[in-house]
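Participant: Please see the structure below; I have some questions.
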Amino acid sequence: MQILPGIYILHGSAYGAHVNFYLLHGKEGTVIIDTGIVPADIERAERRMQLWGVPLEKIDYIMLTHSHYDHAGNAALLKKRGATVVAGPGDAEGIEQSDSRTIPYAEGLQVPPCKVDLVVTDGEIVDACGYSFEVIHVPGHTDGSVIYQLRLFDKIIWFSGDLFFAVDRDFTADLCWRGTEEFDREKYIKSLKRLSAMPVDCVLAGHLLPCPDEAFRLVGHAYSKALIELR
Ligand SMILES: [Zn+2]
C-alpha cells in the first residue's frame with residue numbers, strides 16, 4: 001500500500017499483520033525501514049510489490065529503528081541483496097551478536113545475527129538513495145532506538161519504530177511495550193518530552209496505524225499519557 005509517492009507500507013497493520021515495515025523506492029534505489037520477523041513476511045511483501053511494479057531483488061539500505069526481533073528479524077536475509085545496514089548505538093551491537101537486546105525471550109525467536117555497517121547517532125544525516133534521513137536518538141524502549149526523519153513533499157515524516165503508536169484517527173496513542181529487560185522509564189519519558197516539542201506531520205510507526213497528518217497531536221498524547229501512567 002502506497003502512503004505517499006514512493007513510500008509504501010510493505011507489511012503490517014494494512015494487511016492485518018503485527019509489525020509494520022516500510023519501503024522507499026526512488027530513482028536512485030530502494031530503502032527498507034525495518035524488516036519484519038520471518039522470511040514469509042518478505043515473500044508476502046514481494047508479491048505485493050509486484051503489483052506496484054517495484055522489485056525487491058536489490059535493496060540498497062536497511063534502516064533499523066531498533067534491535068527487537070520483530071523489526072530486525074529479516075535483516076541478515078535482506079542484507080544479502082546488497083544492502084548497507086544502519087542502526088542506533090548499542091542496538092547495532094545487539095543485532096550483530098543476536099543477544100538479549102533482540103528479546104529472544106519474548107516469543108522464543110532467535111534473530112539471525114547481522115553485521116551493521118553504519119552505527120548512527122543523534123543529529124547524523126544518512127544520505128541513502130537520494131533520501132536525506134536525519135537521525136533522532138530516542139532511548140527508552142531500547143537504549144539505541146532511533147527515529148529516521150525525512151523532509152519530503154513539504155512534510156516532516158518520522159519512521160518512529162516502537163516509541164508510540166496511533167490507535168485511531170483521533171490521535172489516540174498507545175505507548176511502547178515495556179516488558180523488556182532494557183526498558184528505561186526515565187529515558188523513555190525524556191525522549192517523549194523532547195519529541196513532543198518537535199514539529200512533525202506524518203508518523204509511520206512499527207505497529208498499528210499510519211498517522212499521515214497532524215502527527216504532532218499523536219506525539220503530544222503519547223507524552224501526556226506517559227506522564228499520567230508511568231510517573
Ligand atoms: Zn520494540
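A note on labels: chains of the C-alpha cells are A, B, ... as shown, every chain counts residues from 1, and ligands are counted from 1 in their shown order.
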Could you give me, as a list of chain:residue names, each residue of stretch 170-208 of chain A that DSSP assigns to alpha helix (DSSP H) when run on this structure's backbone?

Facilitator: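 Selecting the alpha helix (DSSP H) positions of stretch 170-208 of chain A gives A:Arg185, A:Glu186, A:Lys187, A:Tyr188, A:Ile189, A:Lys190, A:Ser191, A:Leu192, A:Lys193, A:Arg194, A:Leu195, A:Ser196.
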
Participant: Around ligand 1, at most 12 Å away and counting only C-alpha atoms and all ligand atoms, which residues are there? Put them as a PDB file with N, CA and C atoms, in the first residue's frame, please.

Facilitator:
```
ATOM      1  N   HIS A  18       1.135  -8.016  12.489  1.00  0.00           N
ATOM      2  CA  HIS A  18       1.557  -7.406  13.756  1.00  0.00           C
ATOM      3  C   HIS A  18       2.543  -6.254  13.586  1.00  0.00           C
ATOM      4  N   VAL A  19       3.515  -6.426  12.718  1.00  0.00           N
ATOM      5  CA  VAL A  19       4.598  -5.428  12.672  1.00  0.00           C
ATOM      6  C   VAL A  19       4.636  -4.743  11.309  1.00  0.00           C
ATOM      7  N   ASN A  20       4.779  -3.412  11.365  1.00  0.00           N
ATOM      8  CA  ASN A  20       4.863  -2.627  10.130  1.00  0.00           C
ATOM      9  C   ASN A  20       6.310  -2.518   9.675  1.00  0.00           C
ATOM     10  N   ASP A  34      13.036  -1.153   8.747  1.00  0.00           N
ATOM     11  CA  ASP A  34      12.703  -2.371   9.498  1.00  0.00           C
ATOM     12  C   ASP A  34      12.373  -3.519   8.530  1.00  0.00           C
ATOM     13  N   GLY A  36      10.558  -6.875   9.562  1.00  0.00           N
ATOM     14  CA  GLY A  36       9.662  -7.974   9.904  1.00  0.00           C
ATOM     15  C   GLY A  36      10.387  -9.107  10.621  1.00  0.00           C
ATOM     16  N   ILE A  37       9.674 -10.224  10.762  1.00  0.00           N
ATOM     17  CA  ILE A  37      10.127 -11.273  11.681  1.00  0.00           C
ATOM     18  C   ILE A  37      10.754 -12.459  10.961  1.00  0.00           C
ATOM     19  N   LEU A  64      17.255   0.263  10.477  1.00  0.00           N
ATOM     20  CA  LEU A  64      16.582  -0.410  11.592  1.00  0.00           C
ATOM     21  C   LEU A  64      16.295   0.610  12.701  1.00  0.00           C
ATOM     22  N   THR A  65      15.036   0.656  13.130  1.00  0.00           N
ATOM     23  CA  THR A  65      14.684   1.599  14.199  1.00  0.00           C
ATOM     24  C   THR A  65      15.185   1.123  15.556  1.00  0.00           C
ATOM     25  N   HIS A  66      15.254  -0.211  15.724  1.00  0.00           N
ATOM     26  CA  HIS A  66      15.806  -0.773  16.957  1.00  0.00           C
ATOM     27  C   HIS A  66      16.040  -2.275  16.779  1.00  0.00           C
ATOM     28  N   SER A  67      16.523  -2.894  17.857  1.00  0.00           N
ATOM     29  CA  SER A  67      17.083  -4.247  17.732  1.00  0.00           C
ATOM     30  C   SER A  67      16.067  -5.382  17.878  1.00  0.00           C
ATOM     31  N   HIS A  68      14.834  -5.102  18.258  1.00  0.00           N
ATOM     32  CA  HIS A  68      13.900  -6.198  18.587  1.00  0.00           C
ATOM     33  C   HIS A  68      13.632  -7.113  17.389  1.00  0.00           C
ATOM     34  N   TYR A  69      13.395  -8.397  17.722  1.00  0.00           N
ATOM     35  CA  TYR A  69      13.299  -9.439  16.687  1.00  0.00           C
ATOM     36  C   TYR A  69      12.241  -9.140  15.632  1.00  0.00           C
ATOM     37  N   ASP A  70      11.163  -8.446  16.039  1.00  0.00           N
ATOM     38  CA  ASP A  70      10.093  -8.210  15.068  1.00  0.00           C
ATOM     39  C   ASP A  70      10.429  -7.079  14.089  1.00  0.00           C
ATOM     40  N   HIS A  71      11.540  -6.394  14.352  1.00  0.00           N
ATOM     41  CA  HIS A  71      11.992  -5.319  13.451  1.00  0.00           C
ATOM     42  C   HIS A  71      13.279  -5.697  12.712  1.00  0.00           C
ATOM     43  N   ALA A  72      14.130  -6.475  13.372  1.00  0.00           N
ATOM     44  CA  ALA A  72      15.436  -6.812  12.779  1.00  0.00           C
ATOM     45  C   ALA A  72      15.514  -8.270  12.313  1.00  0.00           C
ATOM     46  N   GLY A  73      14.404  -9.009  12.425  1.00  0.00           N
ATOM     47  CA  GLY A  73      14.439 -10.454  12.177  1.00  0.00           C
ATOM     48  C   GLY A  73      14.917 -10.861  10.791  1.00  0.00           C
ATOM     49  N   ASP A  91      22.071  -0.900  20.096  1.00  0.00           N
ATOM     50  CA  ASP A  91      21.178  -1.803  19.375  1.00  0.00           C
ATOM     51  C   ASP A  91      21.920  -2.477  18.219  1.00  0.00           C
ATOM     52  N   ARG A 101      19.293  -8.114  23.548  1.00  0.00           N
ATOM     53  CA  ARG A 101      18.712  -6.867  23.047  1.00  0.00           C
ATOM     54  C   ARG A 101      17.762  -7.097  21.865  1.00  0.00           C
ATOM     55  N   THR A 102      17.779  -8.305  21.305  1.00  0.00           N
ATOM     56  CA  THR A 102      16.784  -8.643  20.261  1.00  0.00           C
ATOM     57  C   THR A 102      15.544  -9.312  20.874  1.00  0.00           C
ATOM     58  N   ILE A 103      15.505  -9.405  22.176  1.00  0.00           N
ATOM     59  CA  ILE A 103      14.451 -10.031  23.008  1.00  0.00           C
ATOM     60  C   ILE A 103      14.008 -11.416  22.510  1.00  0.00           C
ATOM     61  N   PRO A 104      14.933 -12.346  22.431  1.00  0.00           N
ATOM     62  CA  PRO A 104      14.556 -13.713  22.021  1.00  0.00           C
ATOM     63  C   PRO A 104      13.594 -14.356  23.024  1.00  0.00           C
ATOM     64  N   ALA A 106      10.965 -13.089  24.280  1.00  0.00           N
ATOM     65  CA  ALA A 106       9.571 -12.649  24.137  1.00  0.00           C
ATOM     66  C   ALA A 106       8.707 -13.708  23.460  1.00  0.00           C
ATOM     67  N   PRO A 139      16.253   7.074  23.263  1.00  0.00           N
ATOM     68  CA  PRO A 139      16.374   5.922  24.157  1.00  0.00           C
ATOM     69  C   PRO A 139      15.155   5.773  25.070  1.00  0.00           C
ATOM     70  N   GLY A 140      14.951   4.549  25.541  1.00  0.00           N
ATOM     71  CA  GLY A 140      13.849   4.285  26.463  1.00  0.00           C
ATOM     72  C   GLY A 140      13.253   2.916  26.184  1.00  0.00           C
ATOM     73  N   HIS A 141      12.617   2.767  25.044  1.00  0.00           N
ATOM     74  CA  HIS A 141      12.095   1.441  24.650  1.00  0.00           C
ATOM     75  C   HIS A 141      13.275   0.477  24.526  1.00  0.00           C
ATOM     76  N   THR A 142      14.283   0.887  23.760  1.00  0.00           N
ATOM     77  CA  THR A 142      15.615   0.277  23.844  1.00  0.00           C
ATOM     78  C   THR A 142      16.601   1.436  23.977  1.00  0.00           C
ATOM     79  N   ASP A 143      17.832   1.122  24.337  1.00  0.00           N
ATOM     80  CA  ASP A 143      18.792   2.207  24.559  1.00  0.00           C
ATOM     81  C   ASP A 143      19.216   2.869  23.246  1.00  0.00           C
ATOM     82  N   GLY A 144      19.177   2.102  22.172  1.00  0.00           N
ATOM     83  CA  GLY A 144      19.621   2.649  20.885  1.00  0.00           C
ATOM     84  C   GLY A 144      18.499   2.891  19.899  1.00  0.00           C
ATOM     85  N   SER A 145      17.276   3.053  20.378  1.00  0.00           N
ATOM     86  CA  SER A 145      16.160   3.339  19.462  1.00  0.00           C
ATOM     87  C   SER A 145      16.415   4.651  18.726  1.00  0.00           C
ATOM     88  N   VAL A 146      16.123   4.651  17.436  1.00  0.00           N
ATOM     89  CA  VAL A 146      16.259   5.881  16.658  1.00  0.00           C
ATOM     90  C   VAL A 146      15.015   6.085  15.799  1.00  0.00           C
ATOM     91  N   SER A 160       9.208   5.872  13.098  1.00  0.00           N
ATOM     92  CA  SER A 160       9.429   6.051  14.534  1.00  0.00           C
ATOM     93  C   SER A 160       9.552   4.755  15.330  1.00  0.00           C
ATOM     94  N   GLY A 161       9.510   3.585  14.698  1.00  0.00           N
ATOM     95  CA  GLY A 161       9.709   2.345  15.452  1.00  0.00           C
ATOM     96  C   GLY A 161       8.672   2.169  16.541  1.00  0.00           C
ATOM     97  N   ASP A 162       9.115   1.832  17.738  1.00  0.00           N
ATOM     98  CA  ASP A 162       8.183   1.422  18.803  1.00  0.00           C
ATOM     99  C   ASP A 162       7.989   2.442  19.919  1.00  0.00           C
ATOM    100  N   LEU A 163       8.240   3.711  19.671  1.00  0.00           N
ATOM    101  CA  LEU A 163       8.084   4.698  20.744  1.00  0.00           C
ATOM    102  C   LEU A 163       6.636   4.849  21.183  1.00  0.00           C
ATOM    103  N   PHE A 164       5.736   4.965  20.209  1.00  0.00           N
ATOM    104  CA  PHE A 164       4.298   5.130  20.466  1.00  0.00           C
ATOM    105  C   PHE A 164       3.574   4.793  19.172  1.00  0.00           C
ATOM    106  N   PHE A 165       2.262   4.560  19.304  1.00  0.00           N
ATOM    107  CA  PHE A 165       1.506   4.082  18.139  1.00  0.00           C
ATOM    108  C   PHE A 165       0.158   4.793  18.038  1.00  0.00           C
ATOM    109  N   LEU A 175       1.302   3.475  24.167  1.00  0.00           N
ATOM    110  CA  LEU A 175       2.730   3.552  24.495  1.00  0.00           C
ATOM    111  C   LEU A 175       3.413   2.239  24.127  1.00  0.00           C
ATOM    112  N   CYS A 176       4.735   2.251  24.156  1.00  0.00           N
ATOM    113  CA  CYS A 176       5.509   1.072  23.762  1.00  0.00           C
ATOM    114  C   CYS A 176       5.338  -0.082  24.752  1.00  0.00           C
ATOM    115  N   TRP A 177       5.674  -1.278  24.307  1.00  0.00           N
ATOM    116  CA  TRP A 177       5.710  -2.445  25.191  1.00  0.00           C
ATOM    117  C   TRP A 177       6.868  -2.250  26.172  1.00  0.00           C
ATOM    118  N   ARG A 178       6.591  -2.495  27.460  1.00  0.00           N
ATOM    119  CA  ARG A 178       7.585  -2.176  28.483  1.00  0.00           C
ATOM    120  C   ARG A 178       8.039  -3.407  29.253  1.00  0.00           C
ATOM    121  N   GLY A 179       7.855  -4.568  28.627  1.00  0.00           N
ATOM    122  CA  GLY A 179       8.186  -5.810  29.319  1.00  0.00           C
ATOM    123  C   GLY A 179       9.622  -6.268  29.147  1.00  0.00           C
ATOM    124  N   THR A 180      10.451  -5.464  28.501  1.00  0.00           N
ATOM    125  CA  THR A 180      11.818  -5.928  28.225  1.00  0.00           C
ATOM    126  C   THR A 180      12.764  -5.613  29.379  1.00  0.00           C
ATOM    127  N   GLU A 181      13.889  -6.331  29.406  1.00  0.00           N
ATOM    128  CA  GLU A 181      14.930  -6.078  30.414  1.00  0.00           C
ATOM    129  C   GLU A 181      15.456  -4.657  30.295  1.00  0.00           C
ATOM    130  N   GLU A 182      15.432  -4.149  29.083  1.00  0.00           N
ATOM    131  CA  GLU A 182      16.117  -2.900  28.768  1.00  0.00           C
ATOM    132  C   GLU A 182      15.280  -1.644  28.980  1.00  0.00           C
ATOM    133  N   PHE A 183      13.959  -1.811  29.077  1.00  0.00           N
ATOM    134  CA  PHE A 183      13.102  -0.624  29.118  1.00  0.00           C
ATOM    135  C   PHE A 183      13.528   0.305  30.252  1.00  0.00           C
ATOM    136  N   ALA A 205       4.863   4.360  12.251  1.00  0.00           N
ATOM    137  CA  ALA A 205       5.408   3.632  13.398  1.00  0.00           C
ATOM    138  C   ALA A 205       5.522   2.140  13.102  1.00  0.00           C
ATOM    139  N   GLY A 206       6.093   1.428  14.052  1.00  0.00           N
ATOM    140  CA  GLY A 206       6.355   0.000  13.893  1.00  0.00           C
ATOM    141  C   GLY A 206       5.149  -0.901  14.093  1.00  0.00           C
ATOM    142  N   HIS A 207       4.072  -0.354  14.659  1.00  0.00           N
ATOM    143  CA  HIS A 207       2.846  -1.137  14.859  1.00  0.00           C
ATOM    144  C   HIS A 207       1.636  -0.201  14.701  1.00  0.00           C
TER     145      HIS A 207
END
```

Participant: Based on DSSP run over this structure's backbone, return all residues of stretch 20-96 of chain A in strand (DSSP E), as JSON, numbers by chain.

Facilitator: {"A": [21, 22, 23, 24, 25, 26, 29, 30, 31, 32, 33, 61, 62, 63, 84, 85, 86, 87]}

Participant: Counting only C-alpha atoms, which of A:Ile59, A:Leu10, A:His221, A:Val111 gets nearest to A:Thr172?

Facilitator: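 Looking at the shortest contact to A:Thr172, the residue is A:His221.
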
Participant: Please provide as a VMD selection string all residues within 7 Å of A:Trp158, with the sequence filter that same-chain residues fewer than 3 positions apart are discarded (counting only C-alpha atoms).

Facilitator: chain A and resid 147 to 150 202 to 204

Participant: Would you export the selected residues with C-alpha atoms as a PDB file, in the first residue's frame, please?

Facilitator:
```
ATOM      1  CA  ILE A 147      13.725   7.754  14.553  1.00  0.00           C
ATOM      2  CA  TYR A 148      14.587   8.417  10.924  1.00  0.00           C
ATOM      3  CA  GLN A 149      13.244  11.820   9.906  1.00  0.00           C
ATOM      4  CA  LEU A 150      12.622  12.813   6.298  1.00  0.00           C
ATOM      5  CA  CYS A 202       3.409  12.177   9.434  1.00  0.00           C
ATOM      6  CA  VAL A 203       4.319   9.312  11.780  1.00  0.00           C
ATOM      7  CA  LEU A 204       4.950   5.852  10.360  1.00  0.00           C
TER       8      LEU A 204
END
```

Participant: Extract, using only C-alpha atoms, all DNA, RNA and protein residues at most 12 Å from stretch 38-49 of chain A, discarding same-chain residues fewer than 6 positions from it, and format them as a PDB file with N, CA and C atoms, in the first residue's frame.

Facilitator:
```pdb
ATOM      1  N   MET A   1       0.849  -1.193   0.000  1.00  0.00           N
ATOM      2  CA  MET A   1       0.000   0.000   0.000  1.00  0.00           C
ATOM      3  C   MET A   1       0.887   1.247   0.000  1.00  0.00           C
ATOM      4  N   GLN A   2       0.557   2.177  -0.932  1.00  0.00           N
ATOM      5  CA  GLN A   2       1.383   3.385  -1.032  1.00  0.00           C
ATOM      6  C   GLN A   2       0.815   4.464  -0.100  1.00  0.00           C
ATOM      7  N   GLY A   6       6.020   7.001  -3.675  1.00  0.00           N
ATOM      8  CA  GLY A   6       7.274   6.264  -3.499  1.00  0.00           C
ATOM      9  C   GLY A   6       7.486   5.680  -2.124  1.00  0.00           C
ATOM     10  N   ILE A   7       6.542   5.897  -1.195  1.00  0.00           N
ATOM     11  CA  ILE A   7       6.664   5.356   0.164  1.00  0.00           C
ATOM     12  C   ILE A   7       5.528   4.352   0.389  1.00  0.00           C
ATOM     13  N   TYR A   8       5.893   3.128   0.689  1.00  0.00           N
ATOM     14  CA  TYR A   8       4.930   2.030   0.799  1.00  0.00           C
ATOM     15  C   TYR A   8       4.995   1.398   2.188  1.00  0.00           C
ATOM     16  N   ILE A   9       3.843   0.924   2.665  1.00  0.00           N
ATOM     17  CA  ILE A   9       3.862   0.014   3.814  1.00  0.00           C
ATOM     18  C   ILE A   9       3.881  -1.397   3.209  1.00  0.00           C
ATOM     19  N   LEU A  10       4.952  -2.127   3.509  1.00  0.00           N
ATOM     20  CA  LEU A  10       5.159  -3.440   2.891  1.00  0.00           C
ATOM     21  C   LEU A  10       4.392  -4.532   3.604  1.00  0.00           C
ATOM     22  N   HIS A  11       4.213  -4.353   4.909  1.00  0.00           N
ATOM     23  CA  HIS A  11       3.695  -5.430   5.750  1.00  0.00           C
ATOM     24  C   HIS A  11       3.204  -4.781   7.044  1.00  0.00           C
ATOM     25  N   GLY A  12       2.178  -5.351   7.657  1.00  0.00           N
ATOM     26  CA  GLY A  12       1.749  -4.828   8.950  1.00  0.00           C
ATOM     27  C   GLY A  12       0.273  -4.557   9.012  1.00  0.00           C
ATOM     28  N   ALA A  14      -1.876  -2.628   7.707  1.00  0.00           N
ATOM     29  CA  ALA A  14      -2.700  -2.526   6.496  1.00  0.00           C
ATOM     30  C   ALA A  14      -3.089  -3.898   5.968  1.00  0.00           C
ATOM     31  N   TYR A  15      -2.351  -4.932   6.393  1.00  0.00           N
ATOM     32  CA  TYR A  15      -2.591  -6.296   5.915  1.00  0.00           C
ATOM     33  C   TYR A  15      -2.995  -7.231   7.067  1.00  0.00           C
ATOM     34  N   ALA A  17      -1.396  -7.646   9.871  1.00  0.00           N
ATOM     35  CA  ALA A  17      -0.223  -8.272  10.499  1.00  0.00           C
ATOM     36  C   ALA A  17       0.318  -7.404  11.634  1.00  0.00           C
ATOM     37  N   HIS A  18       1.135  -8.016  12.489  1.00  0.00           N
ATOM     38  CA  HIS A  18       1.557  -7.406  13.756  1.00  0.00           C
ATOM     39  C   HIS A  18       2.543  -6.254  13.586  1.00  0.00           C
ATOM     40  N   VAL A  19       3.515  -6.426  12.718  1.00  0.00           N
ATOM     41  CA  VAL A  19       4.598  -5.428  12.672  1.00  0.00           C
ATOM     42  C   VAL A  19       4.636  -4.743  11.309  1.00  0.00           C
ATOM     43  N   ASN A  20       4.779  -3.412  11.365  1.00  0.00           N
ATOM     44  CA  ASN A  20       4.863  -2.627  10.130  1.00  0.00           C
ATOM     45  C   ASN A  20       6.310  -2.518   9.675  1.00  0.00           C
ATOM     46  N   PHE A  21       6.534  -2.677   8.372  1.00  0.00           N
ATOM     47  CA  PHE A  21       7.790  -2.188   7.821  1.00  0.00           C
ATOM     48  C   PHE A  21       7.532  -1.537   6.473  1.00  0.00           C
ATOM     49  N   TYR A  22       8.477  -0.683   6.083  1.00  0.00           N
ATOM     50  CA  TYR A  22       8.221   0.275   5.018  1.00  0.00           C
ATOM     51  C   TYR A  22       9.282   0.202   3.936  1.00  0.00           C
ATOM     52  N   LEU A  23       8.905   0.707   2.764  1.00  0.00           N
ATOM     53  CA  LEU A  23       9.839   0.744   1.648  1.00  0.00           C
ATOM     54  C   LEU A  23       9.785   2.120   0.988  1.00  0.00           C
ATOM     55  N   LEU A  24      10.953   2.642   0.667  1.00  0.00           N
ATOM     56  CA  LEU A  24      11.046   3.860  -0.130  1.00  0.00           C
ATOM     57  C   LEU A  24      11.723   3.490  -1.436  1.00  0.00           C
ATOM     58  N   HIS A  25      11.057   3.819  -2.511  1.00  0.00           N
ATOM     59  CA  HIS A  25      11.584   3.437  -3.823  1.00  0.00           C
ATOM     60  C   HIS A  25      11.706   4.682  -4.689  1.00  0.00           C
ATOM     61  N   ILE A  32      14.681   0.088   2.839  1.00  0.00           N
ATOM     62  CA  ILE A  32      13.679  -0.568   3.687  1.00  0.00           C
ATOM     63  C   ILE A  32      13.860  -0.084   5.123  1.00  0.00           C
ATOM     64  N   PRO A  55      10.421  -3.888  -7.834  1.00  0.00           N
ATOM     65  CA  PRO A  55      11.133  -5.122  -7.490  1.00  0.00           C
ATOM     66  C   PRO A  55      11.888  -4.987  -6.173  1.00  0.00           C
ATOM     67  N   LEU A  56      12.028  -6.103  -5.469  1.00  0.00           N
ATOM     68  CA  LEU A  56      12.798  -6.091  -4.221  1.00  0.00           C
ATOM     69  C   LEU A  56      14.080  -6.927  -4.324  1.00  0.00           C
ATOM     70  N   GLU A  57      14.461  -7.290  -5.552  1.00  0.00           N
ATOM     71  CA  GLU A  57      15.667  -8.143  -5.674  1.00  0.00           C
ATOM     72  C   GLU A  57      16.910  -7.445  -5.158  1.00  0.00           C
ATOM     73  N   LYS A  58      16.953  -6.121  -5.349  1.00  0.00           N
ATOM     74  CA  LYS A  58      18.103  -5.352  -4.862  1.00  0.00           C
ATOM     75  C   LYS A  58      17.613  -4.325  -3.844  1.00  0.00           C
ATOM     76  N   ILE A  59      18.220  -4.373  -2.679  1.00  0.00           N
ATOM     77  CA  ILE A  59      17.889  -3.402  -1.640  1.00  0.00           C
ATOM     78  C   ILE A  59      19.179  -2.680  -1.276  1.00  0.00           C
ATOM     79  N   TYR A  69      13.395  -8.397  17.722  1.00  0.00           N
ATOM     80  CA  TYR A  69      13.299  -9.439  16.687  1.00  0.00           C
ATOM     81  C   TYR A  69      12.241  -9.140  15.632  1.00  0.00           C
ATOM     82  N   ASP A  70      11.163  -8.446  16.039  1.00  0.00           N
ATOM     83  CA  ASP A  70      10.093  -8.210  15.068  1.00  0.00           C
ATOM     84  C   ASP A  70      10.429  -7.079  14.089  1.00  0.00           C
ATOM     85  N   HIS A  71      11.540  -6.394  14.352  1.00  0.00           N
ATOM     86  CA  HIS A  71      11.992  -5.319  13.451  1.00  0.00           C
ATOM     87  C   HIS A  71      13.279  -5.697  12.712  1.00  0.00           C
ATOM     88  N   ALA A  72      14.130  -6.475  13.372  1.00  0.00           N
ATOM     89  CA  ALA A  72      15.436  -6.812  12.779  1.00  0.00           C
ATOM     90  C   ALA A  72      15.514  -8.270  12.313  1.00  0.00           C
ATOM     91  N   GLY A  73      14.404  -9.009  12.425  1.00  0.00           N
ATOM     92  CA  GLY A  73      14.439 -10.454  12.177  1.00  0.00           C
ATOM     93  C   GLY A  73      14.917 -10.861  10.791  1.00  0.00           C
ATOM     94  N   ASN A  74      14.601 -10.041   9.785  1.00  0.00           N
ATOM     95  CA  ASN A  74      14.994 -10.393   8.417  1.00  0.00           C
ATOM     96  C   ASN A  74      16.184  -9.577   7.911  1.00  0.00           C
ATOM     97  N   ALA A  75      16.868  -8.883   8.805  1.00  0.00           N
ATOM     98  CA  ALA A  75      17.972  -8.008   8.356  1.00  0.00           C
ATOM     99  C   ALA A  75      19.073  -8.811   7.656  1.00  0.00           C
ATOM    100  N   ALA A  76      19.475  -9.930   8.255  1.00  0.00           N
ATOM    101  CA  ALA A  76      20.570 -10.732   7.663  1.00  0.00           C
ATOM    102  C   ALA A  76      20.158 -11.268   6.292  1.00  0.00           C
ATOM    103  N   LEU A  77      18.917 -11.701   6.188  1.00  0.00           N
ATOM    104  CA  LEU A  77      18.406 -12.224   4.917  1.00  0.00           C
ATOM    105  C   LEU A  77      18.420 -11.140   3.829  1.00  0.00           C
ATOM    106  N   LEU A  78      17.950  -9.945   4.181  1.00  0.00           N
ATOM    107  CA  LEU A  78      17.850  -8.870   3.186  1.00  0.00           C
ATOM    108  C   LEU A  78      19.204  -8.238   2.877  1.00  0.00           C
ATOM    109  N   LEU A 109      12.009 -16.485  19.560  1.00  0.00           N
ATOM    110  CA  LEU A 109      12.568 -16.378  18.209  1.00  0.00           C
ATOM    111  C   LEU A 109      13.980 -15.803  18.269  1.00  0.00           C
ATOM    112  N   GLN A 110      14.905 -16.500  17.641  1.00  0.00           N
ATOM    113  CA  GLN A 110      16.307 -16.055  17.618  1.00  0.00           C
ATOM    114  C   GLN A 110      16.556 -15.289  16.313  1.00  0.00           C
ATOM    115  N   VAL A 111      17.033 -14.070  16.437  1.00  0.00           N
ATOM    116  CA  VAL A 111      17.324 -13.262  15.247  1.00  0.00           C
ATOM    117  C   VAL A 111      18.652 -13.713  14.641  1.00  0.00           C
ATOM    118  N   PRO A 112      18.691 -14.055  13.337  1.00  0.00           N
ATOM    119  CA  PRO A 112      19.997 -14.358  12.738  1.00  0.00           C
ATOM    120  C   PRO A 112      20.905 -13.130  12.873  1.00  0.00           C
TER     121      PRO A 112
END
```

Participant: Considering only C-alpha atoms, can you say which of A:Arg217, A:Ser191, A:Asp117, A:Val126 comes closest to A:Arg169?

Facilitator: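 Closest to A:Arg169, using only C-alpha atoms: A:Arg217.
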
Participant: Just the residues within 9 Å of A:Leu118, please, counting only C-alpha atoms, with nothing from its chain fewer than 6 positions along; format it as a list in words.

Facilitator: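 Near A:Leu118, the qualifying residues are Thr84, Val85, Val86, Ala87, Gly88 and Ala92 of chain A.
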
Participant: Would you export the selected residues with C-alpha atoms as an mmCIF file, in the first residue's frame, please?

Facilitator:
```
data_model
loop_
_atom_site.group_PDB
_atom_site.id
_atom_site.type_symbol
_atom_site.label_atom_id
_atom_site.label_comp_id
_atom_site.auth_asym_id
_atom_site.auth_seq_id
_atom_site.Cartn_x
_atom_site.Cartn_y
_atom_site.Cartn_z
ATOM 1 C CA THR A 84 24.031 -1.278 3.810
ATOM 2 C CA VAL A 85 22.566 -1.906 7.282
ATOM 3 C CA VAL A 86 22.006 1.083 9.584
ATOM 4 C CA ALA A 87 21.100 1.028 13.310
ATOM 5 C CA GLY A 88 21.463 3.056 16.503
ATOM 6 C CA ALA A 92 23.612 -2.291 16.476
#
```

Participant: For A:Asp60, list every protein, DNA or RNA residue within 8 Å, evaluated using only C-alpha atoms, and leave out those in the same chain fewer than 2 positions away; present the list as a list in words.

Facilitator: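 Residues meeting the cut-off are Gly29, Thr30, Val31, Lys58, Ile62, Arg81, Gly82, Ala83, Thr84, Ala128 and Cys129 of chain A.
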
Participant: Generate a file of the selected residues that holds C-alpha atoms, formatted as a PDB file, in the first residue's frame.

Facilitator:
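result_38.pdb, written as the output of this step:
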```
ATOM      1  CA  GLY A  29      17.460   2.918  -5.292  1.00  0.00           C
ATOM      2  CA  THR A  30      15.497   1.160  -2.598  1.00  0.00           C
ATOM      3  CA  VAL A  31      15.438   1.666   1.161  1.00  0.00           C
ATOM      4  CA  LYS A  58      18.103  -5.352  -4.862  1.00  0.00           C
ATOM      5  CA  ILE A  62      18.130  -1.328   5.556  1.00  0.00           C
ATOM      6  CA  ARG A  81      20.533  -8.323  -1.538  1.00  0.00           C
ATOM      7  CA  GLY A  82      23.370  -5.786  -1.351  1.00  0.00           C
ATOM      8  CA  ALA A  83      22.132  -3.527   1.434  1.00  0.00           C
ATOM      9  CA  THR A  84      24.031  -1.278   3.810  1.00  0.00           C
ATOM     10  CA  ALA A 128      20.558   6.940   1.138  1.00  0.00           C
ATOM     11  CA  CYS A 129      19.362   6.649  -2.470  1.00  0.00           C
TER      12      CYS A 129
END
```
